[in-house]
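To start, the structure under review is shown below, and the notes come after it.
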Amino acid sequence: MAELVWDLEKRDRMRHWLVAAGVVAVAICGQVVRAQTSVERFERQLQQIQQDTRMRINPDIPADQRALLDYGGYFTFNFFAIDDIEQNTHILRQYDLVGYARLNIDNAHEFYLRARTTYRDFNNNQSFDGEGDDTIWPTVEQAYYRFDLARYLAAYKGQTIKNNLTIQVGRQFVNWANGLVLSEYLDGGLAEVTLGNLSLQLLGGVTTHDTVDIDSSRPQFDDFTERAFYGGMLSAQLGKHRPFIYGLVQRDWNHDVQLVVGSNTTSFDYNSWYIGTGINGSIGDQMLYGVEFAYEGGKTLSNSFEPNTLTPIPQQKDQIQAAALDARLDYLFADTKKSRLSFETIAATGDTNRLHTTNTFFGNAPGTRDHAFNAWGLLNTGLAFAPSVSNLISVRVGGSMFPFPNSSLFKRFQAGTDLLAFAKYQDDAPIDELTTDSRFLGWEPDVYVNWQVTSDVAFALRYGVFFPGTAIVDDNHPRNFFYMGVTFAF
């Protein structure tokens with residue numbers, strides 16, 4: 001997941017676009033872009049780690065009590081060692097303190113609050129943004145109220161209904177469909193109407209300000225992002241299968257921000273919409289599957305300079321026409337070790353008229369359709385490489401098990417591995433780091449361990465190494481990602 005950096009000599013060999021007169025300007029800009037990508041890449045890797053931690057330490061409480069106040073928290077020590085595309089290793093010790101409280105009244109009303117404070121301790125001169133150690137003061141991650149109509153009527157009216165209405169308002173984590181187009185914290189509301197086996201979800205919300213944006217060329221992309229999302233999804237439960245169809249609109253509220261590089265001024269305004277469909281379910285008792293396809297439309301502002309001369313040019317609003325697919329398959333063995341085999345493939349379109357697949361600066365050529373898929377989802381694209389889901393084909397095969405089911409100490413010890421291969425969807429289109437016109441990006445083995453030592457102590461380990469393919473320009477050396485975390489719940 002590294003940013004495109006415009007090394008002029010290599011770029012001239014590949015496309016003969018940049019001229020000698022622009023060497024100094026582009027080199028300076030390239031250093032800025034490279035630093036921005038390191039931040040974006042790390043934040044994406046960290047988001048996956050934090051999601052895993054939330055799954056290990058689950059604060060959910062039983063729903064069969066009429067009134068219950070539950071509160072607690074957990075402390076996590078995290079250690080990271082991450083190689084960037086320049087083969088610089090970044091060492092980070094991160095300390096997270098999370099507290100939560102939940103009030104459940106008659107199963108009909110639920111109030112939930114979760115806050116986090118973080119301290120990031122980097123080795124000298126190894127922070128991704130160049131600003132050194134960082135303290136993130138108490139931040140509200142989630143704060144919502146949830147209402148359940150069916151449970152309300154049962155508790156207060158003594159009525160039982162087959163249909164239902166649930167409403168959840170406040171700050172909440174939204175994983176839309178299977179996570180291809182949206183997986184972010186939003187301030188807003190989510191309503192679900194159930195009629196028999198049909199279900200309609202309605203969403204409206206705005207990203208929290210500290211959301212890391214997909215466009216790392218925009219100033220403040222990593223600490224101030226405002227994008228609004230509105231959508232609806234219709235699904236049906238048909239036996240063990242649940243097909244769905246949705247529409248989702250994304251509106252860019254960051255259009256008053258500009259990037260000034262020399263005499264060049266870049267504005268930002270990426271507005272997209274998505275029409276998606278898919279299905280989740282099981283085949284028999286041991287096979288699970290999930291498929292999601294999304295078509296993207298909308299409008300985006302084009303690149304702000306002419307690549308051959310580096311001359312500033314007026315930006316235009318160009319049409320977006322892109323698509324992406326995610327398909328997963330899991331086979332569960334009927335054994336005491338809870339063995340599992342998994343397969344996943346991701347495909348997302350790219351655009352040959354772009355110089356960078358996600359950014360506005362170095363983005364789409366004016367007057368052309370933008371075929372690069374861009375969204376705010378979260379999929380497994382490896383620990384070490386972790387590219388954006390844009391102009392990408394990814395294949396993952398993996399397996400996991402609990403190898404010691406009869407051991408009292410290691411009963412909840414899980415070990416697993418994934419093997420991933422990456423290619424460009426379109427060989428002559430860019431990704432989010434410098435590449436040639438070759439298609440093969442590389443491959444990556446990942447291993448992981450999750451160990452619930454006690455009810456209050458959890459241990460996690462992740463290691464991945466990416467081996468660059470023929471399309472990668474910046475280096476031919478393996479890139480390593482190492483993570484270890486210990487969580488204490490209280």
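Quick note on naming: the chains in the structure tokens go A, B, ... in the order shown, residues restart at 1 in each chain, and ligands are numbered from 1 in order of appearance.
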Who sits within 10 Å of range 340-345 of chain A, only C-alpha atoms, same chain under 3 positions skipped, as a ChimeraX atom specification: /A:286-291,325-335,337,379-381,393-402,416-422
Requested write-out: C-alpha atoms of the selected residues, as a PDB file, in the first residue's frame:
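Result file follows (part.pdb):
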```
ATOM      1  CA  GLN A 286     -19.804 -26.827   6.557  1.00  0.00           C
ATOM      2  CA  MET A 287     -19.450 -24.363   3.700  1.00  0.00           C
ATOM      3  CA  LEU A 288     -19.975 -20.600   3.999  1.00  0.00           C
ATOM      4  CA  TYR A 289     -19.824 -18.128   1.142  1.00  0.00           C
ATOM      5  CA  GLY A 290     -20.171 -14.428   0.429  1.00  0.00           C
ATOM      6  CA  VAL A 291     -20.166 -12.454  -2.825  1.00  0.00           C
ATOM      7  CA  LEU A 325     -15.958  -7.701  -6.925  1.00  0.00           C
ATOM      8  CA  ASP A 326     -15.224  -9.580  -3.697  1.00  0.00           C
ATOM      9  CA  ALA A 327     -15.946 -13.320  -3.348  1.00  0.00           C
ATOM     10  CA  ARG A 328     -15.231 -15.500  -0.307  1.00  0.00           C
ATOM     11  CA  LEU A 329     -15.577 -19.187   0.472  1.00  0.00           C
ATOM     12  CA  ASP A 330     -14.929 -20.943   3.803  1.00  0.00           C
ATOM     13  CA  TYR A 331     -15.008 -24.664   4.527  1.00  0.00           C
ATOM     14  CA  LEU A 332     -15.476 -25.665   8.170  1.00  0.00           C
ATOM     15  CA  PHE A 333     -14.226 -29.113   9.156  1.00  0.00           C
ATOM     16  CA  ALA A 334     -16.365 -31.042  11.601  1.00  0.00           C
ATOM     17  CA  ASP A 335     -13.498 -31.669  14.010  1.00  0.00           C
ATOM     18  CA  LYS A 337      -9.881 -28.335  16.314  1.00  0.00           C
ATOM     19  CA  LEU A 379     -10.868  -6.052   2.844  1.00  0.00           C
ATOM     20  CA  ASN A 380      -7.969  -8.382   3.544  1.00  0.00           C
ATOM     21  CA  THR A 381      -5.203  -7.348   1.130  1.00  0.00           C
ATOM     22  CA  ILE A 393      -6.616  -8.489  -8.585  1.00  0.00           C
ATOM     23  CA  SER A 394      -5.986 -10.358  -5.348  1.00  0.00           C
ATOM     24  CA  VAL A 395      -6.285 -14.069  -4.560  1.00  0.00           C
ATOM     25  CA  ARG A 396      -6.035 -15.380  -1.005  1.00  0.00           C
ATOM     26  CA  VAL A 397      -6.038 -18.959   0.276  1.00  0.00           C
ATOM     27  CA  GLY A 398      -5.701 -19.741   3.959  1.00  0.00           C
ATOM     28  CA  GLY A 399      -6.425 -21.990   6.854  1.00  0.00           C
ATOM     29  CA  SER A 400      -6.708 -21.901  10.613  1.00  0.00           C
ATOM     30  CA  MET A 401      -7.327 -24.211  13.573  1.00  0.00           C
ATOM     31  CA  PHE A 402      -7.339 -24.505  17.345  1.00  0.00           C
ATOM     32  CA  GLY A 416      -3.586 -19.644  10.942  1.00  0.00           C
ATOM     33  CA  THR A 417      -1.918 -18.684   7.702  1.00  0.00           C
ATOM     34  CA  ASP A 418      -2.820 -16.916   4.453  1.00  0.00           C
ATOM     35  CA  LEU A 419      -1.100 -16.937   1.093  1.00  0.00           C
ATOM     36  CA  LEU A 420      -1.880 -14.002  -1.206  1.00  0.00           C
ATOM     37  CA  ALA A 421      -0.998 -13.178  -4.812  1.00  0.00           C
ATOM     38  CA  PHE A 422      -1.440  -9.720  -6.358  1.00  0.00           C
TER      39      PHE A 422
END
```
Residues near range 247-263 of chain A, anyone? I mean within 9 Å using only C-alpha atoms, not counting same-chain ones fewer than 5 positions away, as an mmCIF file with N, CA and C atoms, in the first residue's frame.
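Once everything was written out, this is around_27.cif:
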```cif
data_model
loop_
_atom_site.group_PDB
_atom_site.id
_atom_site.type_symbol
_atom_site.label_atom_id
_atom_site.label_comp_id
_atom_site.auth_asym_id
_atom_site.auth_seq_id
_atom_site.Cartn_x
_atom_site.Cartn_y
_atom_site.Cartn_z
ATOM 1 N N ALA A 25 10.827 20.299 -9.270
ATOM 2 C CA ALA A 25 9.474 20.436 -8.729
ATOM 3 C C ALA A 25 8.849 19.081 -8.431
ATOM 4 N N CYS A 29 7.795 17.298 -4.823
ATOM 5 C CA CYS A 29 6.420 16.829 -4.638
ATOM 6 C C CYS A 29 6.395 15.337 -4.354
ATOM 7 N N VAL A 181 -17.423 -1.514 -0.148
ATOM 8 C CA VAL A 181 -17.501 -0.087 -0.453
ATOM 9 C C VAL A 181 -17.462 0.797 0.787
ATOM 10 N N LEU A 203 -29.406 4.139 5.620
ATOM 11 C CA LEU A 203 -28.204 4.690 6.249
ATOM 12 C C LEU A 203 -28.036 6.155 5.887
ATOM 13 N N SER A 217 -3.333 12.893 -1.362
ATOM 14 C CA SER A 217 -2.767 14.145 -1.863
ATOM 15 C C SER A 217 -3.501 15.360 -1.305
ATOM 16 N N ARG A 218 -4.640 15.153 -0.678
ATOM 17 C CA ARG A 218 -5.394 16.266 -0.103
ATOM 18 C C ARG A 218 -4.795 16.676 1.234
ATOM 19 N N PRO A 219 -4.547 17.971 1.455
ATOM 20 C CA PRO A 219 -4.067 18.414 2.766
ATOM 21 C C PRO A 219 -5.009 17.966 3.879
ATOM 22 N N GLN A 220 -4.433 17.536 4.992
ATOM 23 C CA GLN A 220 -5.162 17.062 6.166
ATOM 24 C C GLN A 220 -5.960 15.788 5.893
ATOM 25 N N PHE A 224 -8.375 15.246 9.145
ATOM 26 C CA PHE A 224 -9.638 15.980 9.026
ATOM 27 C C PHE A 224 -10.300 15.604 7.705
ATOM 28 N N THR A 225 -11.279 14.709 7.799
ATOM 29 C CA THR A 225 -11.990 14.222 6.614
ATOM 30 C C THR A 225 -13.482 14.323 6.856
ATOM 31 N N GLU A 226 -14.192 14.888 5.880
ATOM 32 C CA GLU A 226 -15.651 14.965 5.959
ATOM 33 C C GLU A 226 -16.251 14.423 4.669
ATOM 34 N N ARG A 227 -16.821 13.245 4.754
ATOM 35 C CA ARG A 227 -17.533 12.649 3.625
ATOM 36 C C ARG A 227 -18.857 12.103 4.138
ATOM 37 N N ALA A 228 -19.906 12.385 3.421
ATOM 38 C CA ALA A 228 -21.242 11.947 3.815
ATOM 39 C C ALA A 228 -21.652 10.722 3.001
ATOM 40 N N PHE A 229 -22.366 9.812 3.657
ATOM 41 C CA PHE A 229 -22.843 8.584 3.016
ATOM 42 C C PHE A 229 -24.338 8.442 3.272
ATOM 43 N N TYR A 230 -25.078 8.138 2.190
ATOM 44 C CA TYR A 230 -26.518 7.906 2.265
ATOM 45 C C TYR A 230 -26.825 6.674 1.426
ATOM 46 N N GLY A 231 -27.640 5.780 1.957
ATOM 47 C CA GLY A 231 -27.928 4.592 1.166
ATOM 48 C C GLY A 231 -29.054 3.752 1.715
ATOM 49 N N GLY A 232 -29.422 2.761 0.927
ATOM 50 C CA GLY A 232 -30.427 1.793 1.320
ATOM 51 C C GLY A 232 -30.059 0.425 0.778
ATOM 52 N N MET A 233 -30.384 -0.616 1.533
ATOM 53 C CA MET A 233 -30.075 -1.982 1.118
ATOM 54 C C MET A 233 -31.272 -2.878 1.402
ATOM 55 N N PHE A 268 -10.239 19.694 -4.817
ATOM 56 C CA PHE A 268 -10.654 18.312 -4.555
ATOM 57 C C PHE A 268 -12.175 18.244 -4.486
ATOM 58 N N ASP A 269 -12.744 17.296 -5.218
ATOM 59 C CA ASP A 269 -14.196 17.112 -5.190
ATOM 60 C C ASP A 269 -14.528 15.768 -5.835
ATOM 61 N N TYR A 270 -14.458 14.700 -5.032
ATOM 62 C CA TYR A 270 -14.725 13.344 -5.521
ATOM 63 C C TYR A 270 -16.070 12.889 -4.979
ATOM 64 N N ASN A 271 -17.077 12.853 -5.844
ATOM 65 C CA ASN A 271 -18.434 12.464 -5.461
ATOM 66 C C ASN A 271 -18.815 11.200 -6.218
ATOM 67 N N SER A 272 -19.125 10.155 -5.474
ATOM 68 C CA SER A 272 -19.369 8.856 -6.110
ATOM 69 C C SER A 272 -20.669 8.255 -5.607
ATOM 70 N N TRP A 273 -21.190 7.300 -6.382
ATOM 71 C CA TRP A 273 -22.320 6.490 -5.958
ATOM 72 C C TRP A 273 -22.077 5.050 -6.381
ATOM 73 N N TYR A 274 -22.719 4.139 -5.664
ATOM 74 C CA TYR A 274 -22.473 2.716 -5.862
ATOM 75 C C TYR A 274 -23.804 1.965 -5.919
ATOM 76 N N ILE A 275 -23.923 1.105 -6.906
ATOM 77 C CA ILE A 275 -25.031 0.161 -6.978
ATOM 78 C C ILE A 275 -24.426 -1.233 -6.834
ATOM 79 N N GLY A 276 -24.867 -1.943 -5.802
ATOM 80 C CA GLY A 276 -24.244 -3.222 -5.513
ATOM 81 C C GLY A 276 -25.250 -4.329 -5.329
ATOM 82 N N THR A 277 -24.767 -5.533 -5.485
ATOM 83 C CA THR A 277 -25.578 -6.716 -5.256
ATOM 84 C C THR A 277 -24.672 -7.840 -4.803
ATOM 85 N N GLY A 298 -20.462 8.502 -10.759
ATOM 86 C CA GLY A 298 -20.272 9.785 -10.098
ATOM 87 C C GLY A 298 -19.407 10.719 -10.907
ATOM 88 N N THR A 311 2.807 21.807 -16.892
ATOM 89 C CA THR A 311 2.108 23.089 -16.934
ATOM 90 C C THR A 311 0.752 22.964 -16.261
ATOM 91 N N PRO A 312 0.398 23.910 -15.358
ATOM 92 C CA PRO A 312 -0.932 23.860 -14.749
ATOM 93 C C PRO A 312 -2.031 23.975 -15.804
ATOM 94 N N PHE A 361 -4.427 14.754 -7.181
ATOM 95 C CA PHE A 361 -3.136 15.208 -7.707
ATOM 96 C C PHE A 361 -2.416 14.001 -8.286
#
```
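If only C-alpha atoms are the atoms counted, then among A:Leu103, A:Val98, A:Leu202, A:Val174 the closest residue to Trp137 in chain A is A:Val98.
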Nearby residues (only C-alpha atoms) at most 6 Å from range 118-122 of chain A, same-chain spacing under 3 positions excluded, as a list in words: Ile91, Leu92, Arg93, Gln94, Tyr95, Asp96, Gln126, Ser127, Asp133, Asp134, Thr135 and Ile136 of chain A
Picked from range 123-271 of chain A by DSSP as alpha helix (DSSP H), as a ChimeraX atom specification: /A:149-156
